[in-house]
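**Student:** Quick one: this structure, given as structure tokens, is what I'll be asking you about.
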Amino acid sequence: FEEEGAKGPNSEQQKWEELHVGAALMSFGAKDSKEKAKEKNKVKEYDVIMDEEIEFVQALQMPGTITDKAKEEVELSEKQKKKLSIKETQRSLPIYPFKGGLLEAIEQFQVLIIEGETGSGKTTQIPQYLYKAGFCKDGMKVGCTQPRRVAAMSVAARVAEEMGFKLGNEVGYSIRFEDCTSERTVIKYMTDGMLLREFLTEPDLKTYSVLIIDEAHERTLHTDVLFGLVKDIARFRPDLKLLISSATLDAEKFSQFFDDAPVFRIPGRRFPVDIYYTKAPEADYIDAAVVSVLQIHCTQPEGDVLVFLTGQEEIETASEMLMERTRKLGSKIKELIIAPIYANLPSDLQSKIFDPTPPGARKVVLATNIAETSLTIDGIKYVIDPGFCKQNSYNARTGMESLVVTPVSKASANQRAGRAGRVSAGKCFRLYTAWAYKNELEDNTVPEIQRTNLGNVVLLLKSLGINDLIHFDFMDPPPHETLVLALEQLYALGALNHKGELTKLGRRMAEFPVDPMLSKMILASERYKCSKEILTITAMLSVNNAVFYRPKDKVVHADTARQNFFLPGGDHITLMNVYNQWEETAHSTQWCFENFIQYRSMKRARDVRDQLEGLMERVEIEVTSNPLDTVSIRKAITAGFFYHTAKLDKGGNYRTVKHNQTVMVHPNSSMFEDRPKWIIYHELVFTTKEFMRQVIEIENGWLLEVAPHYYKAKELEDGSGRKMPKNTGKTRADVTRTY
Ligand code: CDP
Ligand code: MG
């Protein structure tokens, strides 16, 4: 830390900051010519030093303008907003004048498509209208699905507040591993995945009077599957009302799918948004985004900033960079409030994005895609869009699935830009060129169902008794080979028999709200008598990338602390070790702090673990412990993840066993230096290469023990001339019976 202090006020860093701000003044052209000339010199310098220039060219105007009258109205309401009571705020929303018409339409039609601009009040208001119109009588509920956990939680909190209820009573939410509802709950927000699981316990969803499939335009896998299921139950439940709500212009498509259901349009208000592009592509979009925030902060009139990043890591990086730079600029700039929002952010910190910005200050919200349409943050006038999001991509040939940072679609980019024009005219800075927008971005995002592993959904549908998946009523069917591969994988896991029917094991696997490989691993732990350890590992994997804390200014300490947890066997064992040590300290916060462990993640892991343990009773597995037998623990993991096997080849690279794809051990892994011959990985993440995250060492012989129906001895020769242990000769049916 001394080093930093020694740099003094005239350090390179500070000069650099000043130059950036100089560049900012320049590019927005807000100064008189004399000053401009001065700054021009600075910019030159800046070019030489940084060789990195951000200058925006105004190239396009957002479509859609607004009449002066409407503008006046809204500007007025904005000024008064602080004084407005909840009721008045509700009345100011675009949906409010349509309340009566909407309720009439709902009365008249069983299925209704609702289309309205983001922020018009669909998610927060419609359930309240339904409540007041009597749809929540006699123990009936209104259910509203959200593709994202954070949205379900935050919207439920907001609606509870608007209605004057305590969250979890009349208004509640349900997300995976967290149920905040009670007997009294009549308005229930939930993730689309949770409603899917409700079909398992209540196949006709008979306690719901209305189902709102919200954010339908997002076309998540679970929402797409829900479309088929709710369309089906609506046929034999004429009393059920179905609302499909969407922010964009897909309404026609939804209408067609739901037998030409009528579309109810809520006219939006959108102010013009000026769009700026960079002149040249940005090499480092996080840095570019940070610089742009400071540019806006120093040169632009009041108004909050929204930055779209792809995930937690990027958001944390950007947040640290912003804090450091604003700290260095000190009192030269006005206060900048940094508010991150992403799925894993603890809920008490999430609400920070909605806190009103104090006068004179500026708020910058660093968000994932969640702020694209799911959450509306009032007061945003500037949007910074680097043009990327994280998407899962799936190769149905190799079965390889990974998270990839991908360019957004034009539709997404326009949604993002639109966030700047909700309360008044705004500006959107795209950190890519106008050419790239035109030529490199796809028009629309590919629906998730066409780019993801379907194992989970297929198992669920099979559990619901839907056997013919090829003819399931999909809005856009998944690729045939993806469906076949999912069936094959479930067969290999023992969840389906050779006729494609659910086995007893499959039925038990479906009890767990986790991916089939994980649920298989949990069930296999019975045989290896280590279910306590496997539950811990599953819970830790569910928070997996948020366990270790690695602040930029203490990376060496943090890495040492992390390495102290390493145990032979690999990362899963290490995660278990962290959890067990934490338990020994009686869940101490101090211990977490000292060991660079994120306390909140640990708490969440404990919650997840408790719930999984509760489910063990349902599948009648006694929880047994065997912490020192890491061979058994790793065999149980192998029983679920034998698909994810990689082998070290002669050239010193890892390759997947079945498809011979090159994959690398993630540098954070405890196996990064060990490089054992045979490994199993938990997941792949694609950054510059395919990285395996969470890796354990295994022996090739185990693969025949746990997946004799999948691997042949020949595939598993390790090249050392050693003979493989004999195949046990077990058939798949035997294996199924074993569990
Ligand atoms: O669903 P839609 O995009 O049509 O709008 P909404 O989410 O119902 O948002 C309506 C209003 O509620 C917006 O002005 C939001 O800013 C506000 N809201 C809020 O203040 N806090 C939340 N947690 C959610 C919404
Ligand atoms: Mg909404």
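Following the order of the structure tokens, first chain is A, next is B, and so on, with residues numbered from 1 inside each chain and ligands from 1 in the order they appear.
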Please check which protein, DNA or RNA residues sit within 12 Å of ligand 2, counting only C-alpha atoms and all ligand atoms, and write them as a ChimeraX atom specification.
**Tutor:** /A:95,114-127,144-148,151-152,154-156,189,212-218,244-248,370-377
**Student:** Please produce, as a Markdown table, a per-residue contact table for stretch 580-613 of chain A versus stretch 534-539 of chain A (criterion: any atom at most 9 Å away, only C-alpha atoms considered), showing the nearest atom pair and its distance in Å to one decimal, sorted by chain then residue number.
**Tutor:**
```
| residue | atom | partner | partner_atom | distance |
| --- | --- | --- | --- | --- |
| A:Asn580 | CA | A:Thr536 | CA | 8.5 |
| A:Arg604 | CA | A:Ala539 | CA | 8.3 |
| A:Ala605 | CA | A:Ala539 | CA | 5.0 |
| A:Arg606 | CA | A:Ala539 | CA | 7.1 |
| A:Asp607 | CA | A:Ala539 | CA | 8.3 |
| A:Val608 | CA | A:Ala539 | CA | 5.5 |
| A:Arg609 | CA | A:Ala539 | CA | 5.2 |
| A:Asp610 | CA | A:Leu535 | CA | 8.8 |
| A:Leu612 | CA | A:Leu535 | CA | 6.8 |
| A:Glu613 | CA | A:Leu535 | CA | 7.1 |
```
**Student:** Could you dump the residues just selected with C-alpha atoms as a PDB file, in the first residue's frame?
**Tutor:**
```pdb
ATOM      1  CA  ASN A 580     -16.813 -27.426   6.182  1.00  0.00           C
ATOM      2  CA  ARG A 604     -26.811 -18.699   0.179  1.00  0.00           C
ATOM      3  CA  ALA A 605     -25.008 -22.021  -0.184  1.00  0.00           C
ATOM      4  CA  ARG A 606     -26.240 -22.944   3.266  1.00  0.00           C
ATOM      5  CA  ASP A 607     -29.848 -22.137   2.268  1.00  0.00           C
ATOM      6  CA  VAL A 608     -29.548 -24.144  -0.917  1.00  0.00           C
ATOM      7  CA  ARG A 609     -28.005 -26.995   1.006  1.00  0.00           C
ATOM      8  CA  ASP A 610     -30.814 -27.017   3.558  1.00  0.00           C
ATOM      9  CA  LEU A 612     -31.644 -29.989  -0.998  1.00  0.00           C
ATOM     10  CA  GLU A 613     -31.392 -31.879   2.257  1.00  0.00           C
TER      11      GLU A 613
END
```
**Student:** For A:Pro627, find every residue with an atom within 12 Å (counting only C-alpha atoms), except residues of its own chain fewer than 6 positions away, and show them as a PyMOL selection string.
**Tutor:** chain A and resi 528-537+573-574+576-577+579-580+633-634
**Student:** Do a neighbour search on A:Asp232 at 10 Å with only C-alpha atoms, toss out local chain neighbours closer than 6 positions, and write the hits as a count of residues only.
**Tutor:** 4
**Student:** Based on DSSP run over this structure's backbone, return all residues of stretch 221-414 of chain A in alpha helix (DSSP H), as a PyMOL selection string.
**Tutor:** chain A and resi 221-236+251-257+285-299+312-329+347-350+410-414
**Student:** Mind checking which residues fall within 8 Å of A:Val290, counting only C-alpha atoms, ignoring those fewer than 6 positions away in the same chain, and posting them as a PDB file with N, CA and C atoms, in the first residue's frame?
**Tutor:**
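Output below, filename around-v8.pdb:
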```pdb
ATOM      1  N   ALA A 318     -15.742  -2.903 -13.496  1.00  0.00           N
ATOM      2  CA  ALA A 318     -16.096  -1.530 -13.878  1.00  0.00           C
ATOM      3  C   ALA A 318     -16.343  -0.691 -12.629  1.00  0.00           C
ATOM      4  N   MET A 321     -13.068   0.214 -11.063  1.00  0.00           N
ATOM      5  CA  MET A 321     -12.371   1.225 -11.861  1.00  0.00           C
ATOM      6  C   MET A 321     -12.998   2.604 -11.646  1.00  0.00           C
ATOM      7  N   LEU A 322     -14.313   2.627 -11.625  1.00  0.00           N
ATOM      8  CA  LEU A 322     -14.998   3.908 -11.439  1.00  0.00           C
ATOM      9  C   LEU A 322     -14.695   4.502 -10.070  1.00  0.00           C
TER      10      LEU A 322
END
```
**Student:** Considering only C-alpha atoms and all ligand atoms, can you say which of A:Arg419, A:Val364, A:Ser412, A:Glu202 comes closest to ligand 1?
**Tutor:**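 Looking only at the distances to ligand 1, the closest residue turns out to be A:Arg419.
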